[in-house]
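Worksheet: the structure to be examined is printed underneath.
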Amino acid sequence: MSDRRKIELTVNGVRHAREIETRRTLADFLRHDLGLTGTHLGCEHGACGACTVHLAGEAVRSCILFAVQADGREITTVEGLARPDGTLHPVQQAFRDHHGLQCGFCTPGMEMTLAAFLAENPAPTEQEVREAISGNLCRCTGYQGIVAAALDAARKMRGD
């Protein structure tokens, strides 16, 4: 017999109420219950960063959080970064402009990590960007395009 609980949370501006198993991870809730498959699952141990989302504006690993821990909170996934009219977030646009992705598997987690980082540090150095993404694994790009994208996004977000 499973333990179930009703939760209510806002995801990408939309309020959701569901009864779920208390052991269901936030990543599984987002992917399977809400159909938001941009949140990727890599290691399922919080080490790779592919599942990064924003919980109340803070970048968190959704594979190591239970959905019940997000009850009453606001979540943003990679699907919620772009504006409703489809205009890409500056980080997303910079990834596109600087080829900050190849296979794309790490991209949502990288973008979510960098969006939160740049909101707190609008003028980072290259080293600070590298440290910010050090918990996100990419096996394709060598990080050059990702770092270039982050620095360009920071400039655009500052209006430079």
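Ligands are numbered from 1 in the order shown, residues from 1 within each chain, and chains are lettered A, B, ... in the order they appear in the structure tokens.
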Do you have, as CSV, the list of residues of segment 50-74 of chain A lying at most 12 Å from segment 125-137 of chain A, each with its nearest atom pair and that distance in Å to one decimal, counting only C-alpha atoms and ordered by chain then number?
```
residue,atom,partner,partner_atom,distance
A:Ala50,CA,A:Asn136,CA,6.9
A:Cys51,CA,A:Asn136,CA,9.6
A:Thr52,CA,A:Asn136,CA,8.9
A:Ala59,CA,A:Ala132,CA,10.8
A:Val60,CA,A:Gly135,CA,11.1
A:Arg61,CA,A:Gly135,CA,10.3
```
Please dump the current selection as a compact mmCIF listing (two decimals), in the first residue's frame; keep N, CA and C atoms.
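For reference, part.txt as written:
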```
# COMPACT_ATOMS: atom_id res chain seq x y z
N ALA A 50 21.27 17.39 -15.29
CA ALA A 50 20.32 17.38 -16.40
C ALA A 50 18.89 17.70 -15.96
N CYS A 51 18.58 17.45 -14.71
CA CYS A 51 17.21 17.63 -14.20
C CYS A 51 17.00 18.97 -13.50
N THR A 52 17.91 19.91 -13.66
CA THR A 52 17.84 21.17 -12.94
C THR A 52 16.60 21.97 -13.33
N ALA A 59 18.03 27.32 -8.44
CA ALA A 59 18.31 26.12 -9.23
C ALA A 59 18.46 24.93 -8.31
N VAL A 60 17.68 23.87 -8.57
CA VAL A 60 17.71 22.65 -7.75
C VAL A 60 17.68 21.43 -8.66
N ARG A 61 18.12 20.31 -8.14
CA ARG A 61 18.09 19.03 -8.86
C ARG A 61 16.75 18.35 -8.56
```
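Running DSSP on the backbone and keeping only strand (DSSP E or B), the residues of segment 27-92 of chain A that qualify are Thr52, Val53, His54, Leu55, Glu58, Ala59, Val60, Arg61, Phe66, Glu74, Ile75 and Thr76 of chain A.
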Can I get the selection written as an mmCIF file, in the first residue's frame, with all heavy atoms?
```cif
data_model
loop_
_atom_site.group_PDB
_atom_site.id
_atom_site.type_symbol
_atom_site.label_atom_id
_atom_site.label_comp_id
_atom_site.auth_asym_id
_atom_site.auth_seq_id
_atom_site.Cartn_x
_atom_site.Cartn_y
_atom_site.Cartn_z
ATOM 1 N N THR A 52 17.915 19.906 -13.662
ATOM 2 C CA THR A 52 17.839 21.172 -12.935
ATOM 3 C C THR A 52 16.600 21.972 -13.328
ATOM 4 O O THR A 52 16.307 22.151 -14.512
ATOM 5 C CB THR A 52 19.106 22.010 -13.169
ATOM 6 O OG1 THR A 52 20.238 21.237 -12.775
ATOM 7 C CG2 THR A 52 19.079 23.303 -12.382
ATOM 8 N N VAL A 53 15.878 22.431 -12.323
ATOM 9 C CA VAL A 53 14.730 23.329 -12.474
ATOM 10 C C VAL A 53 14.892 24.443 -11.440
ATOM 11 O O VAL A 53 15.786 24.394 -10.599
ATOM 12 C CB VAL A 53 13.383 22.589 -12.259
ATOM 13 C CG1 VAL A 53 13.194 21.480 -13.293
ATOM 14 C CG2 VAL A 53 13.249 22.041 -10.848
ATOM 15 N N HIS A 54 14.025 25.427 -11.509
ATOM 16 C CA HIS A 54 14.021 26.475 -10.490
ATOM 17 C C HIS A 54 12.886 26.212 -9.518
ATOM 18 O O HIS A 54 11.736 26.048 -9.929
ATOM 19 C CB HIS A 54 13.829 27.852 -11.113
ATOM 20 C CG HIS A 54 14.944 28.272 -11.998
ATOM 21 N ND1 HIS A 54 14.906 29.411 -12.750
ATOM 22 C CD2 HIS A 54 16.152 27.705 -12.267
ATOM 23 C CE1 HIS A 54 16.028 29.543 -13.427
ATOM 24 N NE2 HIS A 54 16.794 28.496 -13.164
ATOM 25 N N LEU A 55 13.208 26.187 -8.248
ATOM 26 C CA LEU A 55 12.228 26.070 -7.173
ATOM 27 C C LEU A 55 12.286 27.387 -6.419
ATOM 28 O O LEU A 55 13.312 27.711 -5.809
ATOM 29 C CB LEU A 55 12.576 24.897 -6.246
ATOM 30 C CG LEU A 55 11.721 24.715 -5.000
ATOM 31 C CD1 LEU A 55 10.268 24.448 -5.357
ATOM 32 C CD2 LEU A 55 12.273 23.585 -4.139
ATOM 33 N N GLU A 58 15.381 29.350 -7.263
ATOM 34 C CA GLU A 58 16.690 28.740 -6.997
ATOM 35 C C GLU A 58 16.857 27.476 -7.841
ATOM 36 O O GLU A 58 15.948 26.649 -7.935
ATOM 37 C CB GLU A 58 16.793 28.382 -5.517
ATOM 38 C CG GLU A 58 18.104 27.771 -5.116
ATOM 39 C CD GLU A 58 18.151 27.409 -3.636
ATOM 40 O OE1 GLU A 58 17.317 27.898 -2.861
ATOM 41 O OE2 GLU A 58 19.029 26.608 -3.277
ATOM 42 N N ALA A 59 18.032 27.323 -8.444
ATOM 43 C CA ALA A 59 18.313 26.124 -9.235
ATOM 44 C C ALA A 59 18.463 24.926 -8.308
ATOM 45 O O ALA A 59 19.243 24.964 -7.361
ATOM 46 C CB ALA A 59 19.578 26.315 -10.062
ATOM 47 N N VAL A 60 17.675 23.870 -8.573
ATOM 48 C CA VAL A 60 17.706 22.655 -7.754
ATOM 49 C C VAL A 60 17.679 21.435 -8.664
ATOM 50 O O VAL A 60 17.236 21.505 -9.808
ATOM 51 C CB VAL A 60 16.517 22.585 -6.758
ATOM 52 C CG1 VAL A 60 16.540 23.746 -5.782
ATOM 53 C CG2 VAL A 60 15.185 22.534 -7.487
ATOM 54 N N ARG A 61 18.124 20.309 -8.142
ATOM 55 C CA ARG A 61 18.087 19.031 -8.859
ATOM 56 C C ARG A 61 16.751 18.350 -8.562
ATOM 57 O O ARG A 61 16.496 17.907 -7.449
ATOM 58 C CB ARG A 61 19.218 18.117 -8.400
ATOM 59 C CG ARG A 61 20.584 18.740 -8.425
ATOM 60 C CD ARG A 61 21.070 18.964 -9.822
ATOM 61 N NE ARG A 61 22.530 19.053 -9.764
ATOM 62 C CZ ARG A 61 23.222 19.924 -10.431
ATOM 63 N NH1 ARG A 61 22.633 20.765 -11.234
ATOM 64 N NH2 ARG A 61 24.537 19.958 -10.322
ATOM 65 N N PHE A 66 11.596 15.230 -3.590
ATOM 66 C CA PHE A 66 10.267 14.653 -3.741
ATOM 67 C C PHE A 66 9.305 15.760 -4.145
ATOM 68 O O PHE A 66 9.439 16.913 -3.708
ATOM 69 C CB PHE A 66 9.802 13.996 -2.438
ATOM 70 C CG PHE A 66 10.587 12.778 -2.070
ATOM 71 C CD1 PHE A 66 11.378 12.761 -0.931
ATOM 72 C CD2 PHE A 66 10.540 11.641 -2.863
ATOM 73 C CE1 PHE A 66 12.108 11.638 -0.590
ATOM 74 C CE2 PHE A 66 11.268 10.510 -2.533
ATOM 75 C CZ PHE A 66 12.054 10.516 -1.388
ATOM 76 N N GLU A 74 6.580 27.538 -6.242
ATOM 77 C CA GLU A 74 6.590 27.847 -7.667
ATOM 78 C C GLU A 74 7.802 27.194 -8.322
ATOM 79 O O GLU A 74 8.924 27.334 -7.847
ATOM 80 C CB GLU A 74 6.630 29.356 -7.879
ATOM 81 C CG GLU A 74 6.460 29.743 -9.322
ATOM 82 C CD GLU A 74 6.213 31.233 -9.493
ATOM 83 O OE1 GLU A 74 5.500 31.820 -8.665
ATOM 84 O OE2 GLU A 74 6.745 31.783 -10.478
ATOM 85 N N ILE A 75 7.551 26.497 -9.418
ATOM 86 C CA ILE A 75 8.574 25.784 -10.177
ATOM 87 C C ILE A 75 8.643 26.401 -11.574
ATOM 88 O O ILE A 75 7.608 26.695 -12.169
ATOM 89 C CB ILE A 75 8.205 24.284 -10.346
ATOM 90 C CG1 ILE A 75 7.867 23.620 -9.033
ATOM 91 C CG2 ILE A 75 9.276 23.545 -11.130
ATOM 92 C CD1 ILE A 75 9.007 23.425 -8.119
ATOM 93 N N THR A 76 9.858 26.545 -12.079
ATOM 94 C CA THR A 76 10.045 26.900 -13.485
ATOM 95 C C THR A 76 10.902 25.818 -14.109
ATOM 96 O O THR A 76 11.945 25.454 -13.570
ATOM 97 C CB THR A 76 10.735 28.271 -13.649
ATOM 98 O OG1 THR A 76 9.978 29.257 -12.954
ATOM 99 C CG2 THR A 76 10.839 28.657 -15.128
#
```
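Closest to Ala47 of chain A among A:Cys138, A:Ala82, A:Ala17, A:Gly35 is A:Cys138, based on only C-alpha atoms.
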List every residue of chain A that DSSP, applied to the backbone of this structure, assigns to helix (DSSP H, G or I), and report them as a ChimeraX atom specification.
/A:26-33,62-64,67-70,78-80,90-97,107-120,126-132,144-158
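Distances from A:Cys63, A:Ala94, A:Leu88, A:Ala154 to Arg23 of chain A were compared using only C-alpha atoms, and the smallest one belongs to A:Cys63.
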Using only C-alpha atoms, which protein or nucleic acid residues come within 9 Å of Arg73 of chain A? Drop anything in the same chain fewer than 4 positions from it, and give the result as an mmCIF file with N, CA and C atoms, in the first residue's frame.
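Output (result35.cif):
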```cif
data_model
loop_
_atom_site.group_PDB
_atom_site.id
_atom_site.type_symbol
_atom_site.label_atom_id
_atom_site.label_comp_id
_atom_site.auth_asym_id
_atom_site.auth_seq_id
_atom_site.Cartn_x
_atom_site.Cartn_y
_atom_site.Cartn_z
ATOM 1 N N GLU A 8 -0.310 20.932 -4.239
ATOM 2 C CA GLU A 8 -0.651 22.017 -5.153
ATOM 3 C C GLU A 8 0.611 22.832 -5.369
ATOM 4 N N LEU A 9 0.952 23.037 -6.631
ATOM 5 C CA LEU A 9 2.114 23.849 -6.948
ATOM 6 C C LEU A 9 1.885 24.550 -8.272
ATOM 7 N N THR A 10 2.674 25.595 -8.487
ATOM 8 C CA THR A 10 2.594 26.360 -9.722
ATOM 9 C C THR A 10 3.819 26.023 -10.553
ATOM 10 N N VAL A 11 3.574 25.571 -11.774
ATOM 11 C CA VAL A 11 4.662 25.215 -12.685
ATOM 12 C C VAL A 11 4.525 26.061 -13.939
ATOM 13 N N LEU A 55 13.208 26.187 -8.248
ATOM 14 C CA LEU A 55 12.228 26.070 -7.173
ATOM 15 C C LEU A 55 12.286 27.387 -6.419
ATOM 16 N N ALA A 56 11.220 28.175 -6.548
ATOM 17 C CA ALA A 56 11.167 29.514 -5.944
ATOM 18 C C ALA A 56 12.385 30.337 -6.375
ATOM 19 N N GLN A 69 7.843 17.923 -1.514
ATOM 20 C CA GLN A 69 8.673 18.994 -0.968
ATOM 21 C C GLN A 69 8.428 20.318 -1.683
#
```
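Minimum distance to His40 of chain A across A:Asp71, A:Glu79, A:Asp3, A:Glu19 (counting only C-alpha atoms) occurs at A:Glu79.
The interatomic distance for the pair atom CA of Leu34 of chain A and atom CA of Lys6 of chain A works out to 14.9 Å.
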Residues within 7 Å of Thr39 of chain A, please, as a list in words. Count only C-alpha atoms; anything in the same chain fewer than 5 positions from it doesn't count.
Ala27, Arg31, Ala50, Cys51, Thr77, Val78 and Pro108 of chain A
Restrict the selected residues to N, CA, C and O atoms and save them as a CSV table (one decimal), in the first residue's frame.
```csv
chain,number,residue,atom,x,y,z
A,27,ALA,N,11.2,15.4,-10.5
A,27,ALA,CA,11.4,15.2,-11.9
A,27,ALA,C,10.4,14.2,-12.5
A,27,ALA,O,9.9,14.5,-13.6
A,31,ARG,N,7.8,15.3,-15.5
A,31,ARG,CA,7.8,14.6,-16.8
A,31,ARG,C,6.6,13.7,-17.0
A,31,ARG,O,6.0,13.8,-18.1
A,50,ALA,N,21.3,17.4,-15.3
A,50,ALA,CA,20.3,17.4,-16.4
A,50,ALA,C,18.9,17.7,-16.0
A,50,ALA,O,18.1,18.2,-16.7
A,51,CYS,N,18.6,17.4,-14.7
A,51,CYS,CA,17.2,17.6,-14.2
A,51,CYS,C,17.0,19.0,-13.5
A,51,CYS,O,16.0,19.2,-12.8
A,77,THR,N,10.4,25.3,-15.2
A,77,THR,CA,11.2,24.3,-16.0
A,77,THR,C,11.7,25.0,-17.2
A,77,THR,O,11.4,26.2,-17.5
A,78,VAL,N,12.5,24.3,-18.0
A,78,VAL,CA,13.1,24.9,-19.2
A,78,VAL,C,12.0,25.4,-20.2
A,78,VAL,O,12.1,26.3,-20.9
A,108,PRO,N,18.9,21.6,-21.2
A,108,PRO,CA,17.9,22.2,-20.3
A,108,PRO,C,18.5,22.4,-18.9
A,108,PRO,O,18.3,23.5,-18.3
```
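What separates atom CA of Pro84 of chain A from atom CA of Lys156 of chain A is a distance of 19.6 Å.
For the pair atom CA of Asp28 of chain A and atom CA of Gln92 of chain A, the separation is 23.6 Å.
For Thr141 of chain A, the set of protein, DNA and RNA residues having any atom at most 9 Å away, when counting only C-alpha atoms and skipping those fewer than 5 positions along the same chain, is His99, Gly100, Leu101, Gln102, Cys103 and Ile146 of chain A.
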Name the residues in contact with Ala115 of chain A at a cut-off of 10 Å, using only C-alpha atoms, excluding same-chain residues fewer than 3 positions from it; report them as JSON, numbers by chain.
{"A": [54, 57, 58, 59, 78, 81, 89, 90, 91, 92, 109, 110, 111, 112, 118, 119, 120, 121, 122, 150, 153, 154]}
